[in-house]
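Notes to accompany the following structure.
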Amino acid sequence: MGDYVPTYVLDLPQKPDSPAAVKYFLDELNKFKGVMEQLTGNKVTVEQLKNEIISSNETRKLLYRLYDLRKKDSPPISGVDVIKVMQKQYVLSAEDFKKALRNLIDEAEQVKADKADYKADYKADYKADFIHMPRIMISGCPMPGGNTKVPEIIENRGGVIVVEESCTGTRSFWDLVDENKDPMIALAERYIKIPCSCMTPNDRRIDNILELAGEFKVDGVVNYTLQFCHGYNIERYKVQQALKNAGIPVLSIETDYSDSDVEQIGLRVDAFMEMLS
Amino acid sequence: MISVGIDSGSATTKAVLVIDGQMVTHNIRPTGFDILSAAKNVYEDVLSDAEIDKKDVTGIYATGYGRNSIKFADRAVSEITAHTMGVHHLYPAVNGIIDIGGQDSKIISVNDGKVTDFLMNEKCAAGTGKFLEYTAKALEVPIEELGRLALASKKPASITSMCTVFAESEVISLRARGFKKEDIAAGLIESIARRVAVMVRQVGLKQNVAFVGGVAKNAGIKVFLEKELGVSLYVPPEPQITGALGAALYGISKS
Ligand SMILES: Nc1ncnc2c1ncn2[C@@H]1O[C@H](COP(=O)(O)OP(=O)(O)O)[C@@H](O)[C@H]1O
Ligand SMILES: [Mg+2]
C-alpha cells in the first residue's frame, strides 16, 4: 500500500486493560503526530487539538440526540437512513456534517409518532399481520459507505433498526474525549477503550450490547459479520451466548459486499421477524 | 373452513388441503423451472382429489423458497414458521425440527409451538438433498434406494469432501480403489449426518426432535443422524409436506 499512498501503521495494543497499554498507545499516537507534521508541513499545537476535540465532541453529542430519538416507540427515522447519515460523516467536513445533522434532528423531532413514514414503505403487504414491528439492533462489523444491504433487507421485511453497535454506529460517538486533559492523553484514553473484537478480553463489548439492548428496547439482535473478518466471527459465539442468557433472540448473518445472497438472507430475516412479532 | 397450503420448494412443490383443521389430502410434484405452474398443478390436484370446488376454498397460503411467486395465494409465510406449525400439529410435544430439503437444511428450536431459534444452511448443496441426488447418480442407484443400500454397509468408507462437486469425484476414486457400493453410500450419508449434527448441537436441540423434508424419507440419513445425535427422531408418515400443512394452518390462524 505504501507504494500508492503515504502509509503509517498505527500499532494498537490489544490488551487495553493492561497498565502499559495506554502508555504504549500514547507513544504510538505521538509518533503518528510527528509523521503527520512531516507529511503536511503543519505543526500540531495543543490549542488546535483541543479545538478539534471540542468540535468532534459536538458531533458526538448531536449523534447522541439523533440516536435518542430512535428510543421512541415509533422511531421518527428509519435505521437505513441513520446508517446513511453515519456513512456521510466520513466524507463531509466536520462543520458541514454538523450543520446537516442539526437540520435532520430538528426535522425528526417534529415527526409525530403516528406519522412515522417508514411504515408506508413496506413492500410486502402480508407484513400488515405484524401487530408490533420488531425493534432490531445490528451488532458487529462496520458498514462503510455504500453498504446498506443487510439493513435494507431487515427494514423491507418488517423490522425497525433502532441502534447499530459497530464502529460506524454507536462506537464512533458513545464516549466523549475528555476536554480538560492533555489532548494527546485524552485521545489515547478515549480510543483505546473502543470495544473492537480485535481487543482482548473484550467483555466491554458484551456489556455494551446488553446495555444498548435495554436502552433501545430491542426485540432481537442481528449479529452482522463480514466474511474473513475473523475477530467478529469468533466473538459471535460469546455475543450469542450473552444475548441468549438475557432472553434476547439473535440472528447471525455472515456476508460480503456482493448482492448474490440477498434472497437467502431475506429468507432468514423473514423467519426472524415472524419469530419476534 | 377449507384452506390450502402450498410449499414451493427448490426441488418439489407440495400442497396440503385442510378442512376444519384436519389434513384431508396432499400432493407433491417436482418444482421444475416454472414455479407458478407447479404450484397451480398441485393446487388443482388436491382440489380434485378432495372433490372440492375452487370457490369453496377459504384461503390459499404459500410458503417455501418460491412463495412470493405464487400470485394466486392470499398470504405468504416463511418456511421456518410453516414447518413449525405443521410439525407442532402432528406432534404437539415437539421441541426441535430438522428439515432437510433439496438445497438447504434448517434446524429450528421450538417451545410450545413457537420458534425460539433457528439455523439455516443455504449457501451450498453440501448436506442437502441435492448432494444425495448427485451421489446416488454417481453410484447408479435410485435416490429412493440410497438409504437402504447404505444401511447394508458394515464398514462405511471415510468421505472427506463436504463439497458436492468434490464428493462426486471422491466417489469415483473410491470406486476405482475397489470399495463396495454400500460402503461408499454409507460414507456419504454419514458425512451428511455429521454435518447436520453440528448444526443441531449449535442450536441445542436435545429431545422431542422431529425430522422432516424430502430427505427424511431416506432411511439411512435417519439412522445415521440418530446415531450421531444419540436421540431417536420423530419422522411423520409423510415428512415432505409439513411445510405445506403448516402454511394451511397458519392461514387459518390468521383469518
Ligand atoms: N422417496 C425418497 N427417498 C429418498 N429421498 C428422497 C425421496 N423423495 C425425495 N427425497 C429427497 O428429498 C429431496 C427434496 O426434498 P424437499 O423437502 O422436497 O425439498 P425442497 O423443500 O427444497 O423442495 C431430494 O433432493 C431427495 O434427496
Ligand atoms: Mg423445503
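Note on naming: chains are A, B, ... as they come in the C-alpha cells, residues start from 1 per chain, ligands start from 1 in the order shown.
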Discussion item. Using only C-alpha atoms and a distance of at most 7 Å, pull out the residues of chain A that contact chain B, as a list in words.
Written reply: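 Selected residues: Tyr126, Gln264, Leu267, Asp270, Ala271 and Met275 of chain A.
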Write out the residues from the selection above, keeping N, CA and C atoms, as an mmCIF file, in the first residue's frame.
```cif
data_model
loop_
_atom_site.group_PDB
_atom_site.id
_atom_site.type_symbol
_atom_site.label_atom_id
_atom_site.label_comp_id
_atom_site.auth_asym_id
_atom_site.auth_seq_id
_atom_site.Cartn_x
_atom_site.Cartn_y
_atom_site.Cartn_z
ATOM 1 N N TYR A 126 -48.265 -8.645 3.395
ATOM 2 C CA TYR A 126 -48.611 -9.569 4.471
ATOM 3 C C TYR A 126 -47.965 -9.164 5.782
ATOM 4 N N GLN A 264 -31.311 -15.160 -0.022
ATOM 5 C CA GLN A 264 -31.064 -16.141 1.034
ATOM 6 C C GLN A 264 -31.099 -15.488 2.407
ATOM 7 N N LEU A 267 -34.708 -14.699 3.334
ATOM 8 C CA LEU A 267 -35.424 -15.870 3.831
ATOM 9 C C LEU A 267 -35.313 -15.980 5.345
ATOM 10 N N ASP A 270 -36.984 -12.943 7.161
ATOM 11 C CA ASP A 270 -38.435 -13.146 7.236
ATOM 12 C C ASP A 270 -38.790 -14.018 8.428
ATOM 13 N N ALA A 271 -38.088 -15.134 8.529
ATOM 14 C CA ALA A 271 -38.383 -16.074 9.611
ATOM 15 C C ALA A 271 -38.104 -15.434 10.969
ATOM 16 N N MET A 275 -40.689 -14.700 13.999
ATOM 17 C CA MET A 275 -40.397 -15.228 15.320
ATOM 18 C C MET A 275 -40.530 -14.129 16.385
#
```
Polymer residues at most 12 Å from B:Val209, only C-alpha atoms, same-chain spacing of 5 or more positions, as an mmCIF file with N, CA, C and O atoms, in the first residue's frame:
```cif
data_model
loop_
_atom_site.group_PDB
_atom_site.id
_atom_site.type_symbol
_atom_site.label_atom_id
_atom_site.label_comp_id
_atom_site.auth_asym_id
_atom_site.auth_seq_id
_atom_site.Cartn_x
_atom_site.Cartn_y
_atom_site.Cartn_z
ATOM 1 N N THR B 84 -42.758 -25.295 11.488
ATOM 2 C CA THR B 84 -43.014 -25.371 12.919
ATOM 3 C C THR B 84 -44.498 -25.615 13.201
ATOM 4 O O THR B 84 -44.861 -26.474 14.010
ATOM 5 N N VAL B 87 -45.407 -29.291 11.989
ATOM 6 C CA VAL B 87 -44.906 -30.367 12.844
ATOM 7 C C VAL B 87 -45.594 -30.323 14.212
ATOM 8 O O VAL B 87 -45.971 -31.356 14.769
ATOM 9 N N HIS B 88 -45.796 -29.127 14.722
ATOM 10 C CA HIS B 88 -46.460 -28.994 16.021
ATOM 11 C C HIS B 88 -47.859 -29.599 15.992
ATOM 12 O O HIS B 88 -48.319 -30.200 16.962
ATOM 13 N N TYR B 91 -47.331 -33.338 16.062
ATOM 14 C CA TYR B 91 -46.531 -33.819 17.184
ATOM 15 C C TYR B 91 -46.397 -32.668 18.186
ATOM 16 O O TYR B 91 -45.403 -31.948 18.201
ATOM 17 N N PRO B 92 -47.440 -32.483 19.010
ATOM 18 C CA PRO B 92 -47.509 -31.293 19.871
ATOM 19 C C PRO B 92 -46.349 -31.151 20.864
ATOM 20 O O PRO B 92 -46.055 -30.043 21.299
ATOM 21 N N ALA B 93 -45.662 -32.253 21.199
ATOM 22 C CA ALA B 93 -44.590 -32.156 22.188
ATOM 23 C C ALA B 93 -43.269 -31.694 21.581
ATOM 24 O O ALA B 93 -42.266 -31.580 22.276
ATOM 25 N N VAL B 94 -43.278 -31.404 20.289
ATOM 26 C CA VAL B 94 -42.007 -31.142 19.589
ATOM 27 C C VAL B 94 -41.225 -29.960 20.178
ATOM 28 O O VAL B 94 -41.779 -28.925 20.516
ATOM 29 N N ASN B 95 -39.907 -30.161 20.333
ATOM 30 C CA ASN B 95 -39.021 -29.099 20.809
ATOM 31 C C ASN B 95 -37.953 -28.718 19.793
ATOM 32 O O ASN B 95 -37.195 -27.778 20.011
ATOM 33 N N GLY B 96 -37.887 -29.521 18.748
ATOM 34 C CA GLY B 96 -36.868 -29.212 17.741
ATOM 35 C C GLY B 96 -37.222 -29.841 16.413
ATOM 36 O O GLY B 96 -37.890 -30.876 16.376
ATOM 37 N N ILE B 97 -36.817 -29.170 15.330
ATOM 38 C CA ILE B 97 -37.119 -29.680 13.990
ATOM 39 C C ILE B 97 -35.855 -29.636 13.139
ATOM 40 O O ILE B 97 -35.122 -28.653 13.156
ATOM 41 N N ILE B 98 -35.640 -30.740 12.412
ATOM 42 C CA ILE B 98 -34.580 -30.765 11.405
ATOM 43 C C ILE B 98 -35.292 -30.913 10.066
ATOM 44 O O ILE B 98 -36.019 -31.884 9.874
ATOM 45 N N ASP B 99 -35.134 -29.944 9.185
ATOM 46 C CA ASP B 99 -35.732 -30.052 7.850
ATOM 47 C C ASP B 99 -34.608 -30.102 6.837
ATOM 48 O O ASP B 99 -33.803 -29.170 6.753
ATOM 49 N N ILE B 107 -32.497 -25.966 10.985
ATOM 50 C CA ILE B 107 -32.626 -26.504 12.323
ATOM 51 C C ILE B 107 -33.441 -25.482 13.116
ATOM 52 O O ILE B 107 -33.100 -24.303 13.143
ATOM 53 N N ILE B 108 -34.539 -25.937 13.707
ATOM 54 C CA ILE B 108 -35.431 -24.999 14.404
ATOM 55 C C ILE B 108 -35.630 -25.449 15.845
ATOM 56 O O ILE B 108 -35.887 -26.617 16.106
ATOM 57 N N SER B 109 -35.493 -24.514 16.738
ATOM 58 C CA SER B 109 -35.774 -24.798 18.135
ATOM 59 C C SER B 109 -37.196 -24.304 18.437
ATOM 60 O O SER B 109 -37.561 -23.186 18.086
ATOM 61 N N VAL B 110 -38.003 -25.146 19.080
ATOM 62 C CA VAL B 110 -39.423 -24.842 19.265
ATOM 63 C C VAL B 110 -39.795 -24.942 20.736
ATOM 64 O O VAL B 110 -39.330 -25.838 21.440
ATOM 65 N N ASN B 111 -40.596 -24.008 21.171
ATOM 66 C CA ASN B 111 -41.127 -24.098 22.525
ATOM 67 C C ASN B 111 -42.621 -23.801 22.474
ATOM 68 O O ASN B 111 -43.014 -22.718 22.047
ATOM 69 N N VAL B 200 -27.266 -29.038 14.636
ATOM 70 C CA VAL B 200 -28.248 -29.376 15.678
ATOM 71 C C VAL B 200 -27.680 -29.042 17.053
ATOM 72 O O VAL B 200 -28.366 -28.483 17.905
ATOM 73 N N VAL B 203 -27.673 -25.267 17.798
ATOM 74 C CA VAL B 203 -28.967 -24.722 18.233
ATOM 75 C C VAL B 203 -29.357 -25.322 19.594
ATOM 76 O O VAL B 203 -30.168 -24.753 20.317
ATOM 77 N N GLY B 204 -28.763 -26.450 19.910
ATOM 78 C CA GLY B 204 -29.001 -27.047 21.221
ATOM 79 C C GLY B 204 -30.261 -27.896 21.310
ATOM 80 O O GLY B 204 -30.906 -27.949 22.361
ATOM 81 N N LYS B 222 -31.729 -40.994 8.486
ATOM 82 C CA LYS B 222 -32.375 -41.012 9.800
ATOM 83 C C LYS B 222 -31.553 -41.840 10.786
ATOM 84 O O LYS B 222 -31.242 -41.384 11.891
ATOM 85 N N LEU B 225 -28.170 -40.203 11.566
ATOM 86 C CA LEU B 225 -28.379 -38.981 12.339
ATOM 87 C C LEU B 225 -28.727 -39.309 13.790
ATOM 88 O O LEU B 225 -28.239 -38.662 14.731
ATOM 89 N N GLU B 226 -29.549 -40.332 13.964
ATOM 90 C CA GLU B 226 -29.911 -40.750 15.325
ATOM 91 C C GLU B 226 -28.685 -41.228 16.080
ATOM 92 O O GLU B 226 -28.507 -40.937 17.256
ATOM 93 N N LEU B 229 -26.523 -38.184 16.975
ATOM 94 C CA LEU B 229 -27.104 -37.296 17.986
ATOM 95 C C LEU B 229 -27.437 -38.008 19.288
ATOM 96 O O LEU B 229 -27.645 -37.374 20.323
ATOM 97 N N GLY B 230 -27.562 -39.327 19.203
ATOM 98 C CA GLY B 230 -27.937 -40.082 20.393
ATOM 99 C C GLY B 230 -29.375 -39.865 20.834
ATOM 100 O O GLY B 230 -29.701 -40.009 22.008
ATOM 101 N N VAL B 231 -30.251 -39.482 19.917
ATOM 102 C CA VAL B 231 -31.690 -39.397 20.232
ATOM 103 C C VAL B 231 -32.473 -40.049 19.107
ATOM 104 O O VAL B 231 -31.981 -40.128 17.981
ATOM 105 N N SER B 232 -33.688 -40.523 19.405
ATOM 106 C CA SER B 232 -34.486 -41.042 18.304
ATOM 107 C C SER B 232 -35.322 -39.897 17.742
ATOM 108 O O SER B 232 -35.795 -39.032 18.476
ATOM 109 N N LEU B 233 -35.440 -39.888 16.442
ATOM 110 C CA LEU B 233 -36.107 -38.782 15.761
ATOM 111 C C LEU B 233 -37.528 -39.163 15.380
ATOM 112 O O LEU B 233 -37.779 -40.300 14.946
ATOM 113 N N TYR B 234 -38.421 -38.213 15.530
ATOM 114 C CA TYR B 234 -39.800 -38.436 15.106
ATOM 115 C C TYR B 234 -39.924 -38.063 13.632
ATOM 116 O O TYR B 234 -39.668 -36.922 13.251
ATOM 117 N N VAL B 235 -40.282 -39.024 12.795
ATOM 118 C CA VAL B 235 -40.491 -38.740 11.372
ATOM 119 C C VAL B 235 -41.962 -38.983 11.040
ATOM 120 O O VAL B 235 -42.465 -40.094 11.210
ATOM 121 N N PRO B 236 -42.677 -37.936 10.604
ATOM 122 C CA PRO B 236 -44.094 -38.121 10.280
ATOM 123 C C PRO B 236 -44.259 -39.089 9.109
ATOM 124 O O PRO B 236 -43.316 -39.286 8.346
#
```
Discussion item. If we count only C-alpha atoms and set the cut-off at 7 Å, which residues sit around A:Lys71, ignoring sequence neighbours fewer than 2 positions away in its own chain? Please answer as an MDAnalysis selection string.
Written reply: chainID A and resid 68:69 73 75 162 216
Each residue of chain B lying at most 7 Å from ligand 2 should get a row with its shortest atom-to-atom pair and the distance in Å to one decimal, counting only C-alpha atoms and all ligand atoms; could you produce that, ordered by chain and increasing number, as a Markdown table?
```
| residue | atom | partner | partner_atom_place_in_ligand_line | distance |
| --- | --- | --- | --- | --- |
| B:Gly9 | CA | ligand 2 | 1 (Mg) | 4.8 |
| B:Ser10 | CA | ligand 2 | 1 (Mg) | 6.9 |
| B:Gly64 | CA | ligand 2 | 1 (Mg) | 6.0 |
| B:Gly101 | CA | ligand 2 | 1 (Mg) | 4.8 |
| B:Gly102 | CA | ligand 2 | 1 (Mg) | 6.9 |
| B:Gly213 | CA | ligand 2 | 1 (Mg) | 5.9 |
| B:Gly243 | CA | ligand 2 | 1 (Mg) | 6.8 |
```
Discussion item. Could you list, as a count of residues only, all residues that come within 8 Å of ligand 1? Count only C-alpha atoms and all ligand atoms.
Written reply: 40
